[in-house]
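Beneath this line is the structure, given in structure tokens, with notes to follow.
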Amino acid sequence: MEVIFWLGLFLIAYTFVGYGIVLFVLLALKRRLLKKKPQAAHTDPDAPDWPSCTVIVAAYNESAMIEAKIRNTLDLRYPRDKVSYIFVTDGSSDETPEIVRRFRQVTLLHVAERHGKIAAVHRAMQEVKTETVVFTDANTLLNADALLLLCRHYSDDRIGAVAGEKRVHVGEDADASSAGEGFYWKYESTLKRWDSELNSVVGSAGELFSIRTALYEPVAPDTILDDFMISMRIAERGYRVIYEAGAFATETSSENVGEELKRKIRIAAGGIQSVVRLRKLLNPFIDPLLTFQYVSHRVLRWTITPFLLILVFVLNAILHGKGAGSIYTALFYGQLVFYALAMVGYLLERKSLKLKIAFIPYYFCVMNYAVLAGLGRYALGKQSAVWEQARRKA
């Protein structure tokens, strides 16, 4: 029992903290051995060597946001003769297609039927004639140099995709959903930056990422995390997927924890689907470093770690009750305090009250509950690939 307890506790700690520490140490060693200085960003739009680029935005019923998104996209710095824009609004029943149609610089693709985001992306890709593609969500705004910072990396033939950074706007009056999501993405962005410097990012977020057009591989129409699968298929073929923190997409946080939970459950269901379909990446004899990153950063979170949280708590309670030692007592009461803070966060969220010390434990528990729920939804075949929007703060 004690062996299982300590093994479970180690895997939990490794999943959420330890992997970051290992990355930090490995990078310190790599920097010392290679002694490479970071290169300055090349962002001169007048330079002659930029690859041609198409920006693709899939939008469904985004009439409240779409005009701001189009104007933001058209204002992005990039050689005008080398960039084009495609907005796909399939299935939209509001004014989204009509608003897009007002902008002559933008190619509108629209059919009345809704088949999901990945079907829309596949259709848009058939229209692409440029060397690179940038995907970005309709509910995000990009910084002015985003395209330049993403596409400058394609001068290196080893790079097959470039992931941008997702930023969640958190105001001074942040609630649990805002503070928790904001903290999570700051930590996640750090891990992605370190993953990229070590070898390759394990997956891109749909808010902002780009690929070499020639490497695009259509994924199955029932794919839940299409952005993750598209980028990982490229990594699977031996190309690097790197992270460009200077190119970022900003969006507001989920309207509340319930909306964030809905989003996280979908991601968790897609995560286990991805693990099943990317079995080749689990073979350490093909690309051991990528497998190490993939298992450490993704697979553990999406599979056994949420179950281990329950198992470790139960075993800790038993060992504490048996008087196995003061260390078990300290760990047990530490867990009780953590989960009590999570419960306080839950109760205060329902009453629209704020206690920041409770936000992180509450969000952590929500995140791991979402994995369990997502696993169940995937196992029962109840998770649709069609994106169901999570309401976000204004």
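Residue numbering restarts at 1 in every chain; chains get A, B, ... in the order shown in the structure tokens, and ligands count up from 1 in that same order.
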- Message: Give me the residues near segment 151-157 of chain A as a ChimeraX atom specification, where near means some atom within 9 Å (using only C-alpha atoms) and where sequence neighbours in that chain fewer than 6 positions away do not count.
- Response: /A:41-43,49-53,132,134,210-212,239,242,244
Mind dumping the selected residues with C-alpha atoms as an mmCIF file, in the first residue's frame?
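Saved result, out.cif, follows:
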```cif
data_model
loop_
_atom_site.group_PDB
_atom_site.id
_atom_site.type_symbol
_atom_site.label_atom_id
_atom_site.label_comp_id
_atom_site.auth_asym_id
_atom_site.auth_seq_id
_atom_site.Cartn_x
_atom_site.Cartn_y
_atom_site.Cartn_z
ATOM 1 C CA ALA A 41 13.471 38.444 -34.350
ATOM 2 C CA HIS A 42 13.403 39.270 -38.062
ATOM 3 C CA THR A 43 10.197 41.251 -38.578
ATOM 4 C CA ASP A 49 12.347 36.356 -48.325
ATOM 5 C CA TRP A 50 8.910 35.997 -46.707
ATOM 6 C CA PRO A 51 6.920 32.866 -47.600
ATOM 7 C CA SER A 52 3.439 33.346 -49.007
ATOM 8 C CA CYS A 53 0.766 32.925 -46.338
ATOM 9 C CA THR A 132 2.208 28.474 -45.326
ATOM 10 C CA VAL A 134 -1.993 30.382 -40.266
ATOM 11 C CA SER A 210 0.693 27.788 -38.505
ATOM 12 C CA ILE A 211 1.951 24.980 -40.722
ATOM 13 C CA ARG A 212 3.727 24.402 -44.007
ATOM 14 C CA TYR A 239 9.481 17.842 -38.312
ATOM 15 C CA ILE A 242 8.195 25.148 -32.382
ATOM 16 C CA GLU A 244 6.741 31.505 -30.862
#
```
Please extract the residues of segment 60-93 of chain A with a backbone DSSP assignment of strand (DSSP E or B) and present them as an mmCIF file with all heavy atoms, in the first residue's frame.
```cif
data_model
loop_
_atom_site.group_PDB
_atom_site.id
_atom_site.type_symbol
_atom_site.label_atom_id
_atom_site.label_comp_id
_atom_site.auth_asym_id
_atom_site.auth_seq_id
_atom_site.Cartn_x
_atom_site.Cartn_y
_atom_site.Cartn_z
ATOM 1 N N VAL A 83 0.057 37.694 -48.764
ATOM 2 C CA VAL A 83 -0.884 37.221 -47.753
ATOM 3 C C VAL A 83 -2.304 37.261 -48.299
ATOM 4 O O VAL A 83 -2.671 38.171 -49.050
ATOM 5 C CB VAL A 83 -0.775 38.056 -46.454
ATOM 6 C CG1 VAL A 83 -1.149 39.507 -46.700
ATOM 7 C CG2 VAL A 83 -1.627 37.465 -45.345
ATOM 8 N N SER A 84 -3.089 36.248 -47.948
ATOM 9 C CA SER A 84 -4.506 36.197 -48.318
ATOM 10 C C SER A 84 -5.298 35.708 -47.114
ATOM 11 O O SER A 84 -4.736 35.168 -46.149
ATOM 12 C CB SER A 84 -4.724 35.280 -49.529
ATOM 13 O OG SER A 84 -4.193 33.997 -49.283
ATOM 14 N N TYR A 85 -6.620 35.888 -47.182
ATOM 15 C CA TYR A 85 -7.460 35.621 -46.012
ATOM 16 C C TYR A 85 -8.692 34.823 -46.435
ATOM 17 O O TYR A 85 -9.379 35.180 -47.395
ATOM 18 C CB TYR A 85 -7.918 36.931 -45.365
ATOM 19 C CG TYR A 85 -6.812 37.953 -45.203
ATOM 20 C CD1 TYR A 85 -6.601 38.929 -46.182
ATOM 21 C CD2 TYR A 85 -5.973 37.944 -44.087
ATOM 22 C CE1 TYR A 85 -5.591 39.873 -46.051
ATOM 23 C CE2 TYR A 85 -4.955 38.884 -43.952
ATOM 24 C CZ TYR A 85 -4.770 39.840 -44.940
ATOM 25 O OH TYR A 85 -3.767 40.767 -44.814
ATOM 26 N N ILE A 86 -8.969 33.762 -45.694
ATOM 27 C CA ILE A 86 -10.164 32.945 -45.929
ATOM 28 C C ILE A 86 -10.936 32.829 -44.625
ATOM 29 O O ILE A 86 -10.385 32.396 -43.603
ATOM 30 C CB ILE A 86 -9.801 31.531 -46.441
ATOM 31 C CG1 ILE A 86 -9.061 31.609 -47.774
ATOM 32 C CG2 ILE A 86 -11.066 30.679 -46.581
ATOM 33 C CD1 ILE A 86 -8.593 30.251 -48.288
ATOM 34 N N PHE A 87 -12.202 33.209 -44.659
ATOM 35 C CA PHE A 87 -13.091 33.032 -43.518
ATOM 36 C C PHE A 87 -14.179 32.021 -43.905
ATOM 37 O O PHE A 87 -14.853 32.185 -44.932
ATOM 38 C CB PHE A 87 -13.740 34.360 -43.120
ATOM 39 C CG PHE A 87 -12.864 35.243 -42.275
ATOM 40 C CD1 PHE A 87 -11.649 35.727 -42.753
ATOM 41 C CD2 PHE A 87 -13.244 35.599 -40.988
ATOM 42 C CE1 PHE A 87 -10.837 36.537 -41.977
ATOM 43 C CE2 PHE A 87 -12.441 36.413 -40.196
ATOM 44 C CZ PHE A 87 -11.234 36.887 -40.697
ATOM 45 N N VAL A 88 -14.321 30.975 -43.092
ATOM 46 C CA VAL A 88 -15.324 29.942 -43.340
ATOM 47 C C VAL A 88 -16.415 30.072 -42.289
ATOM 48 O O VAL A 88 -16.129 30.026 -41.092
ATOM 49 C CB VAL A 88 -14.709 28.526 -43.257
ATOM 50 C CG1 VAL A 88 -15.648 27.504 -43.874
ATOM 51 C CG2 VAL A 88 -13.357 28.476 -43.941
#
```
- Query: Pick the closest to Thr190 of chain A from A:His297, A:Lys280, A:Arg77, A:Lys30: which is it, counting only C-alpha atoms?
  - Reply: A:His297
- Between A:Leu147, A:Val133, A:Val312, A:Leu26, which is the closest to Ala161 of chain A once you count only C-alpha atoms?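 Going through A:Leu147, A:Val133, A:Val312, A:Leu26 one by one, the smallest distance to Ala161 of chain A is for A:Val133.
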- Apply DSSP to the structure's backbone, then extract all residues of segment 166-299 of chain A labelled alpha helix (DSSP H) and return them as a ChimeraX atom specification. /A:176-198,226-236,257-277,288-294
- Message: Using only C-alpha atoms for the distances, tell me which of A:His320, A:Gly164, A:Ala269, A:Leu309 is nearest to Gly246 of chain A.
- Response: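 The shortest atom-to-atom distance to Gly246 of chain A comes from A:Gly164.
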- Item | Atomic separation - atom CA of Met1 of chain A relative to atom CA of Gly20 of chain A, Å |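 Result for atom CA of Gly20 of chain A versus atom CA of Met1 of chain A: 27.9 Å, one decimal.
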- Task: Provide the atom CA of Glu259 of chain A to atom CA of Lys192 of chain A distance in Å, to one decimal place.
- Result: 24.8 Å
- atom CA of Ala370 of chain A and atom CA of Val241 of chain A are how many Å apart?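 So the two atoms, atom CA of Ala370 of chain A and atom CA of Val241 of chain A, lie 27.0 Å apart.
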- Task: Compile the contact shell of Leu281 of chain A as a PyMOL selection string: residues with an atom at most 9 Å away, counting only C-alpha atoms, same-chain residues fewer than 2 positions apart removed.
- Result: chain A and resi 232+236+275+278-279+283-284+286-288+290-291+294-295
Store the residues of this selection in a file with C-alpha atoms, as a PDB file, in the first residue's frame.
```pdb
ATOM      1  CA  MET A 232       1.180  16.284 -33.950  1.00  0.00           C
ATOM      2  CA  GLU A 236       5.151  12.434 -36.022  1.00  0.00           C
ATOM      3  CA  VAL A 275      -3.754   9.266 -27.440  1.00  0.00           C
ATOM      4  CA  LEU A 278      -1.315   8.803 -32.082  1.00  0.00           C
ATOM      5  CA  ARG A 279      -0.113   5.420 -30.863  1.00  0.00           C
ATOM      6  CA  ASN A 283       6.902   4.061 -29.136  1.00  0.00           C
ATOM      7  CA  PRO A 284      10.175   5.374 -27.619  1.00  0.00           C
ATOM      8  CA  ILE A 286      11.113   5.842 -33.045  1.00  0.00           C
ATOM      9  CA  ASP A 287      11.733   9.265 -31.493  1.00  0.00           C
ATOM     10  CA  PRO A 288      12.612   8.849 -27.797  1.00  0.00           C
ATOM     11  CA  LEU A 290       9.451  13.377 -28.563  1.00  0.00           C
ATOM     12  CA  THR A 291       7.872  10.376 -26.821  1.00  0.00           C
ATOM     13  CA  TYR A 294       4.444  13.735 -25.291  1.00  0.00           C
ATOM     14  CA  VAL A 295       3.910  11.287 -22.419  1.00  0.00           C
TER      15      VAL A 295
END
```
Quick one: everything within 12 Å of Leu375 of chain A, counting only C-alpha atoms, minus sequence neighbours fewer than 3 positions away in the same chain. Send it as a PDB file with N, CA and C atoms, in the first residue's frame.
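As a result, selection-v5.pdb now contains:
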```pdb
ATOM      1  N   LYS A 264     -13.432  22.203 -21.031  1.00  0.00           N
ATOM      2  CA  LYS A 264     -12.403  21.260 -20.586  1.00  0.00           C
ATOM      3  C   LYS A 264     -12.824  19.807 -20.794  1.00  0.00           C
ATOM      4  N   ILE A 265     -14.098  19.505 -20.621  1.00  0.00           N
ATOM      5  CA  ILE A 265     -14.571  18.137 -20.839  1.00  0.00           C
ATOM      6  C   ILE A 265     -14.385  17.750 -22.294  1.00  0.00           C
ATOM      7  N   ARG A 266     -14.699  18.673 -23.186  1.00  0.00           N
ATOM      8  CA  ARG A 266     -14.511  18.406 -24.613  1.00  0.00           C
ATOM      9  C   ARG A 266     -13.032  18.169 -24.926  1.00  0.00           C
ATOM     10  N   ILE A 267     -12.156  18.992 -24.357  1.00  0.00           N
ATOM     11  CA  ILE A 267     -10.721  18.844 -24.588  1.00  0.00           C
ATOM     12  C   ILE A 267     -10.226  17.504 -24.049  1.00  0.00           C
ATOM     13  N   ALA A 268     -10.736  17.098 -22.880  1.00  0.00           N
ATOM     14  CA  ALA A 268     -10.318  15.824 -22.288  1.00  0.00           C
ATOM     15  C   ALA A 268     -10.755  14.646 -23.153  1.00  0.00           C
ATOM     16  N   ALA A 269     -11.984  14.706 -23.670  1.00  0.00           N
ATOM     17  CA  ALA A 269     -12.453  13.648 -24.573  1.00  0.00           C
ATOM     18  C   ALA A 269     -11.590  13.603 -25.825  1.00  0.00           C
ATOM     19  N   GLY A 270     -11.251  14.779 -26.344  1.00  0.00           N
ATOM     20  CA  GLY A 270     -10.370  14.837 -27.500  1.00  0.00           C
ATOM     21  C   GLY A 270      -8.971  14.367 -27.183  1.00  0.00           C
ATOM     22  N   GLY A 271      -8.543  14.603 -25.945  1.00  0.00           N
ATOM     23  CA  GLY A 271      -7.214  14.171 -25.539  1.00  0.00           C
ATOM     24  C   GLY A 271      -7.068  12.664 -25.569  1.00  0.00           C
ATOM     25  N   ILE A 272      -8.036  11.958 -25.011  1.00  0.00           N
ATOM     26  CA  ILE A 272      -7.935  10.495 -25.002  1.00  0.00           C
ATOM     27  C   ILE A 272      -8.106   9.948 -26.412  1.00  0.00           C
ATOM     28  N   GLN A 273      -8.928  10.609 -27.233  1.00  0.00           N
ATOM     29  CA  GLN A 273      -9.043  10.211 -28.643  1.00  0.00           C
ATOM     30  C   GLN A 273      -7.693  10.365 -29.345  1.00  0.00           C
ATOM     31  N   SER A 274      -6.987  11.450 -29.043  1.00  0.00           N
ATOM     32  CA  SER A 274      -5.675  11.695 -29.648  1.00  0.00           C
ATOM     33  C   SER A 274      -4.659  10.654 -29.219  1.00  0.00           C
ATOM     34  N   VAL A 275      -4.681  10.293 -27.944  1.00  0.00           N
ATOM     35  CA  VAL A 275      -3.754   9.266 -27.440  1.00  0.00           C
ATOM     36  C   VAL A 275      -3.979   7.950 -28.179  1.00  0.00           C
ATOM     37  N   VAL A 276      -5.239   7.607 -28.406  1.00  0.00           N
ATOM     38  CA  VAL A 276      -5.572   6.370 -29.126  1.00  0.00           C
ATOM     39  C   VAL A 276      -5.075   6.437 -30.568  1.00  0.00           C
ATOM     40  N   ARG A 301      -1.554  13.537 -18.099  1.00  0.00           N
ATOM     41  CA  ARG A 301      -2.685  14.393 -17.714  1.00  0.00           C
ATOM     42  C   ARG A 301      -4.015  13.833 -18.195  1.00  0.00           C
ATOM     43  N   TRP A 302      -4.003  13.245 -19.399  1.00  0.00           N
ATOM     44  CA  TRP A 302      -5.238  12.820 -20.036  1.00  0.00           C
ATOM     45  C   TRP A 302      -5.619  11.378 -19.706  1.00  0.00           C
ATOM     46  N   THR A 303      -4.803  10.678 -18.938  1.00  0.00           N
ATOM     47  CA  THR A 303      -5.105   9.263 -18.688  1.00  0.00           C
ATOM     48  C   THR A 303      -5.142   8.934 -17.192  1.00  0.00           C
ATOM     49  N   ILE A 304      -3.986   8.682 -16.578  1.00  0.00           N
ATOM     50  CA  ILE A 304      -4.011   8.092 -15.242  1.00  0.00           C
ATOM     51  C   ILE A 304      -3.976   9.092 -14.085  1.00  0.00           C
ATOM     52  N   PRO A 306      -5.625  11.879 -13.067  1.00  0.00           N
ATOM     53  CA  PRO A 306      -6.842  12.185 -12.299  1.00  0.00           C
ATOM     54  C   PRO A 306      -7.302  11.018 -11.427  1.00  0.00           C
ATOM     55  N   PHE A 307      -7.114   9.792 -11.915  1.00  0.00           N
ATOM     56  CA  PHE A 307      -7.463   8.625 -11.101  1.00  0.00           C
ATOM     57  C   PHE A 307      -6.509   8.493  -9.918  1.00  0.00           C
ATOM     58  N   ASN A 368      -9.310  18.461 -13.350  1.00  0.00           N
ATOM     59  CA  ASN A 368      -9.151  17.010 -13.263  1.00  0.00           C
ATOM     60  C   ASN A 368     -10.491  16.284 -13.295  1.00  0.00           C
ATOM     61  N   TYR A 369     -11.528  16.907 -12.760  1.00  0.00           N
ATOM     62  CA  TYR A 369     -12.867  16.324 -12.909  1.00  0.00           C
ATOM     63  C   TYR A 369     -13.245  16.287 -14.384  1.00  0.00           C
ATOM     64  N   ALA A 370     -12.883  17.332 -15.114  1.00  0.00           N
ATOM     65  CA  ALA A 370     -13.196  17.395 -16.541  1.00  0.00           C
ATOM     66  C   ALA A 370     -12.544  16.242 -17.302  1.00  0.00           C
ATOM     67  N   VAL A 371     -11.337  15.857 -16.894  1.00  0.00           N
ATOM     68  CA  VAL A 371     -10.671  14.727 -17.548  1.00  0.00           C
ATOM     69  C   VAL A 371     -11.462  13.441 -17.327  1.00  0.00           C
ATOM     70  N   LEU A 372     -11.900  13.216 -16.095  1.00  0.00           N
ATOM     71  CA  LEU A 372     -12.697  12.021 -15.796  1.00  0.00           C
ATOM     72  C   LEU A 372     -13.996  12.030 -16.592  1.00  0.00           C
ATOM     73  N   TYR A 378     -16.029  10.105 -23.920  1.00  0.00           N
ATOM     74  CA  TYR A 378     -15.399   9.486 -25.087  1.00  0.00           C
ATOM     75  C   TYR A 378     -15.692   7.989 -25.132  1.00  0.00           C
ATOM     76  N   ALA A 379     -15.594   7.316 -23.980  1.00  0.00           N
ATOM     77  CA  ALA A 379     -15.833   5.876 -23.920  1.00  0.00           C
ATOM     78  C   ALA A 379     -17.256   5.526 -24.347  1.00  0.00           C
ATOM     79  N   LEU A 380     -18.208   6.402 -24.020  1.00  0.00           N
ATOM     80  CA  LEU A 380     -19.612   6.157 -24.367  1.00  0.00           C
ATOM     81  C   LEU A 380     -19.980   6.694 -25.744  1.00  0.00           C
ATOM     82  N   GLY A 381     -19.001   7.319 -26.416  1.00  0.00           N
ATOM     83  CA  GLY A 381     -19.253   7.846 -27.746  1.00  0.00           C
ATOM     84  C   GLY A 381     -20.198   9.029 -27.767  1.00  0.00           C
ATOM     85  N   LYS A 382     -20.205   9.818 -26.690  1.00  0.00           N
ATOM     86  CA  LYS A 382     -21.150  10.928 -26.576  1.00  0.00           C
ATOM     87  C   LYS A 382     -20.552  12.291 -26.898  1.00  0.00           C
ATOM     88  N   GLN A 383     -19.244  12.323 -27.232  1.00  0.00           N
ATOM     89  CA  GLN A 383     -18.622  13.610 -27.528  1.00  0.00           C
ATOM     90  C   GLN A 383     -18.616  13.866 -29.027  1.00  0.00           C
TER      91      GLN A 383
END
```
- Message: When you look at Ala235 of chain A with a cut-off of 8 Å (counting only C-alpha atoms), what residues show up, excluding the ones that are within fewer than 5 positions of it in the same chain? I need them as a PyMOL selection string.
- Response: chain A and resi 160+200+202+240-241
Let me see the file: selected residues, all heavy atoms, as a PDB file, in the first residue's frame.
```pdb
ATOM      1  N   GLY A 160       8.223  22.324 -39.266  1.00  0.00           N
ATOM      2  CA  GLY A 160       7.015  22.037 -40.028  1.00  0.00           C
ATOM      3  C   GLY A 160       5.803  22.818 -39.566  1.00  0.00           C
ATOM      4  O   GLY A 160       4.823  22.950 -40.302  1.00  0.00           O
ATOM      5  N   SER A 200      10.597  19.981 -29.430  1.00  0.00           N
ATOM      6  CA  SER A 200       9.382  20.262 -30.182  1.00  0.00           C
ATOM      7  C   SER A 200       8.211  20.455 -29.234  1.00  0.00           C
ATOM      8  O   SER A 200       8.126  19.805 -28.185  1.00  0.00           O
ATOM      9  CB  SER A 200       9.086  19.097 -31.139  1.00  0.00           C
ATOM     10  OG  SER A 200       7.969  19.377 -31.943  1.00  0.00           O
ATOM     11  N   VAL A 202       4.518  19.807 -28.048  1.00  0.00           N
ATOM     12  CA  VAL A 202       3.633  18.660 -28.229  1.00  0.00           C
ATOM     13  C   VAL A 202       2.191  19.160 -28.358  1.00  0.00           C
ATOM     14  O   VAL A 202       1.403  19.119 -27.431  1.00  0.00           O
ATOM     15  CB  VAL A 202       3.787  17.631 -27.087  1.00  0.00           C
ATOM     16  CG1 VAL A 202       5.015  16.799 -27.296  1.00  0.00           C
ATOM     17  CG2 VAL A 202       3.859  18.298 -25.722  1.00  0.00           C
ATOM     18  N   ARG A 240       9.994  19.543 -36.681  1.00  0.00           N
ATOM     19  CA  ARG A 240       9.838  20.233 -35.400  1.00  0.00           C
ATOM     20  C   ARG A 240       8.591  21.107 -35.423  1.00  0.00           C
ATOM     21  O   ARG A 240       8.276  21.750 -36.427  1.00  0.00           O
ATOM     22  CB  ARG A 240      11.057  21.109 -35.094  1.00  0.00           C
ATOM     23  CG  ARG A 240      12.321  20.359 -34.734  1.00  0.00           C
ATOM     24  CD  ARG A 240      13.417  21.342 -34.362  1.00  0.00           C
ATOM     25  NE  ARG A 240      13.083  22.065 -33.131  1.00  0.00           N
ATOM     26  CZ  ARG A 240      13.564  23.268 -32.818  1.00  0.00           C
ATOM     27  NH1 ARG A 240      14.364  23.903 -33.660  1.00  0.00           N
ATOM     28  NH2 ARG A 240      13.239  23.833 -31.686  1.00  0.00           N
ATOM     29  N   VAL A 241       7.888  21.118 -34.310  1.00  0.00           N
ATOM     30  CA  VAL A 241       6.800  22.065 -34.084  1.00  0.00           C
ATOM     31  C   VAL A 241       7.311  22.999 -32.998  1.00  0.00           C
ATOM     32  O   VAL A 241       7.527  22.574 -31.861  1.00  0.00           O
ATOM     33  CB  VAL A 241       5.508  21.363 -33.634  1.00  0.00           C
ATOM     34  CG1 VAL A 241       4.407  22.390 -33.383  1.00  0.00           C
ATOM     35  CG2 VAL A 241       5.068  20.334 -34.671  1.00  0.00           C
TER      36      VAL A 241
END
```
- What lies within 10 Å of Ile4 of chain A using only C-alpha atoms, ignoring chain neighbours under 4 positions off, as a ChimeraX atom specification? /A:8-10,308,311-312,315
Selected residues, all heavy atoms, written as a compact mmCIF listing (two decimals), in the first residue's frame, please.
```
# COMPACT_ATOMS: atom_id res chain seq x y z
N GLY A 8 2.16 6.70 -6.75
CA GLY A 8 1.07 7.55 -7.23
C GLY A 8 1.35 9.02 -6.96
O GLY A 8 1.14 9.88 -7.82
N LEU A 9 1.84 9.32 -5.76
CA LEU A 9 2.15 10.70 -5.40
C LEU A 9 3.26 11.26 -6.28
O LEU A 9 3.21 12.43 -6.72
CB LEU A 9 2.56 10.77 -3.93
CG LEU A 9 2.74 12.17 -3.34
CD1 LEU A 9 1.42 12.95 -3.38
CD2 LEU A 9 3.25 12.08 -1.90
N PHE A 10 4.25 10.42 -6.57
CA PHE A 10 5.35 10.86 -7.45
C PHE A 10 4.83 11.20 -8.84
O PHE A 10 5.19 12.23 -9.41
CB PHE A 10 6.41 9.76 -7.55
CG PHE A 10 7.43 10.01 -8.62
CD1 PHE A 10 8.46 10.90 -8.42
CD2 PHE A 10 7.33 9.37 -9.86
CE1 PHE A 10 9.39 11.16 -9.43
CE2 PHE A 10 8.25 9.61 -10.86
CZ PHE A 10 9.29 10.51 -10.65
N LEU A 308 -5.24 8.83 -10.16
CA LEU A 308 -4.26 8.75 -9.08
C LEU A 308 -4.56 9.73 -7.96
O LEU A 308 -4.29 9.44 -6.79
CB LEU A 308 -2.86 9.01 -9.64
CG LEU A 308 -2.26 7.92 -10.52
CD1 LEU A 308 -0.91 8.36 -11.08
CD2 LEU A 308 -2.12 6.61 -9.76
N LEU A 311 -6.98 7.86 -5.85
CA LEU A 311 -6.33 6.71 -5.20
C LEU A 311 -5.39 7.16 -4.09
O LEU A 311 -5.40 6.59 -2.98
CB LEU A 311 -5.55 5.91 -6.25
CG LEU A 311 -4.76 4.70 -5.73
CD1 LEU A 311 -5.70 3.66 -5.13
CD2 LEU A 311 -3.91 4.09 -6.84
N VAL A 312 -4.60 8.18 -4.33
CA VAL A 312 -3.64 8.66 -3.34
C VAL A 312 -4.36 9.20 -2.11
O VAL A 312 -3.93 8.98 -0.97
CB VAL A 312 -2.72 9.73 -3.96
CG1 VAL A 312 -1.99 10.54 -2.89
CG2 VAL A 312 -1.69 9.06 -4.87
N LEU A 315 -5.71 6.09 -0.15
CA LEU A 315 -4.60 5.37 0.50
C LEU A 315 -4.02 6.19 1.64
O LEU A 315 -3.67 5.65 2.70
CB LEU A 315 -3.51 5.05 -0.52
CG LEU A 315 -3.86 4.00 -1.58
CD1 LEU A 315 -2.69 3.82 -2.55
CD2 LEU A 315 -4.22 2.66 -0.93
```
- Message: Just want the 7 Å neighbourhood of Leu23 of chain A, counted on only C-alpha atoms, with same-chain residues fewer than 4 positions away dropped. Output as a PyMOL selection string.
- Response: chain A and resi 19+27+194
Based on the selection just made, write all heavy atoms of those residues as a PDB file, in the first residue's frame.
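Printed below is selection.pdb as written:
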```pdb
ATOM      1  N   TYR A  19       7.716  17.628 -14.274  1.00  0.00           N
ATOM      2  CA  TYR A  19       8.139  17.708 -15.674  1.00  0.00           C
ATOM      3  C   TYR A  19       8.714  19.076 -15.988  1.00  0.00           C
ATOM      4  O   TYR A  19       9.716  19.200 -16.706  1.00  0.00           O
ATOM      5  CB  TYR A  19       6.974  17.385 -16.605  1.00  0.00           C
ATOM      6  CG  TYR A  19       7.332  17.519 -18.067  1.00  0.00           C
ATOM      7  CD1 TYR A  19       8.374  16.779 -18.621  1.00  0.00           C
ATOM      8  CD2 TYR A  19       6.634  18.396 -18.909  1.00  0.00           C
ATOM      9  CE1 TYR A  19       8.722  16.913 -19.961  1.00  0.00           C
ATOM     10  CE2 TYR A  19       6.973  18.531 -20.244  1.00  0.00           C
ATOM     11  CZ  TYR A  19       8.014  17.788 -20.769  1.00  0.00           C
ATOM     12  OH  TYR A  19       8.365  17.921 -22.093  1.00  0.00           O
ATOM     13  N   LEU A  27      17.263  22.033 -20.148  1.00  0.00           N
ATOM     14  CA  LEU A  27      17.565  23.220 -20.943  1.00  0.00           C
ATOM     15  C   LEU A  27      18.811  23.939 -20.438  1.00  0.00           C
ATOM     16  O   LEU A  27      19.601  24.459 -21.230  1.00  0.00           O
ATOM     17  CB  LEU A  27      16.382  24.181 -20.933  1.00  0.00           C
ATOM     18  CG  LEU A  27      15.217  23.796 -21.839  1.00  0.00           C
ATOM     19  CD1 LEU A  27      14.092  24.800 -21.711  1.00  0.00           C
ATOM     20  CD2 LEU A  27      15.675  23.715 -23.296  1.00  0.00           C
ATOM     21  N   TRP A 194       9.612  25.940 -23.191  1.00  0.00           N
ATOM     22  CA  TRP A 194      10.728  25.059 -22.861  1.00  0.00           C
ATOM     23  C   TRP A 194      10.721  23.812 -23.731  1.00  0.00           C
ATOM     24  O   TRP A 194      11.780  23.347 -24.174  1.00  0.00           O
ATOM     25  CB  TRP A 194      10.675  24.689 -21.380  1.00  0.00           C
ATOM     26  CG  TRP A 194      10.972  25.839 -20.461  1.00  0.00           C
ATOM     27  CD1 TRP A 194      11.466  27.064 -20.799  1.00  0.00           C
ATOM     28  CD2 TRP A 194      10.789  25.866 -19.040  1.00  0.00           C
ATOM     29  NE1 TRP A 194      11.612  27.856 -19.692  1.00  0.00           N
ATOM     30  CE2 TRP A 194      11.197  27.153 -18.593  1.00  0.00           C
ATOM     31  CE3 TRP A 194      10.310  24.965 -18.105  1.00  0.00           C
ATOM     32  CZ2 TRP A 194      11.151  27.530 -17.257  1.00  0.00           C
ATOM     33  CZ3 TRP A 194      10.251  25.335 -16.766  1.00  0.00           C
ATOM     34  CH2 TRP A 194      10.684  26.599 -16.350  1.00  0.00           C
TER      35      TRP A 194
END
```
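Of the residues listed (A:Val121, A:Ile230, A:Ile159, A:Ala340), A:Ile159 shows the shortest atom-to-atom separation from Asn199 of chain A; distances use only C-alpha atoms.
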- Task: Rank A:Tyr333, A:Asp46, A:Pro97, A:Arg31 by their smallest atom-to-atom distance to Ser63 of chain A, using only C-alpha atoms, and report the top residue only.
- Result: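 Nearest candidate to Ser63 of chain A out of A:Tyr333, A:Asp46, A:Pro97, A:Arg31: A:Pro97.
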- Message: Using only C-alpha atoms for the distances, tell me which of A:Val344, A:Ile318, A:Ile99, A:Leu109 is nearest to Phe332 of chain A.
- Response: A:Ile318
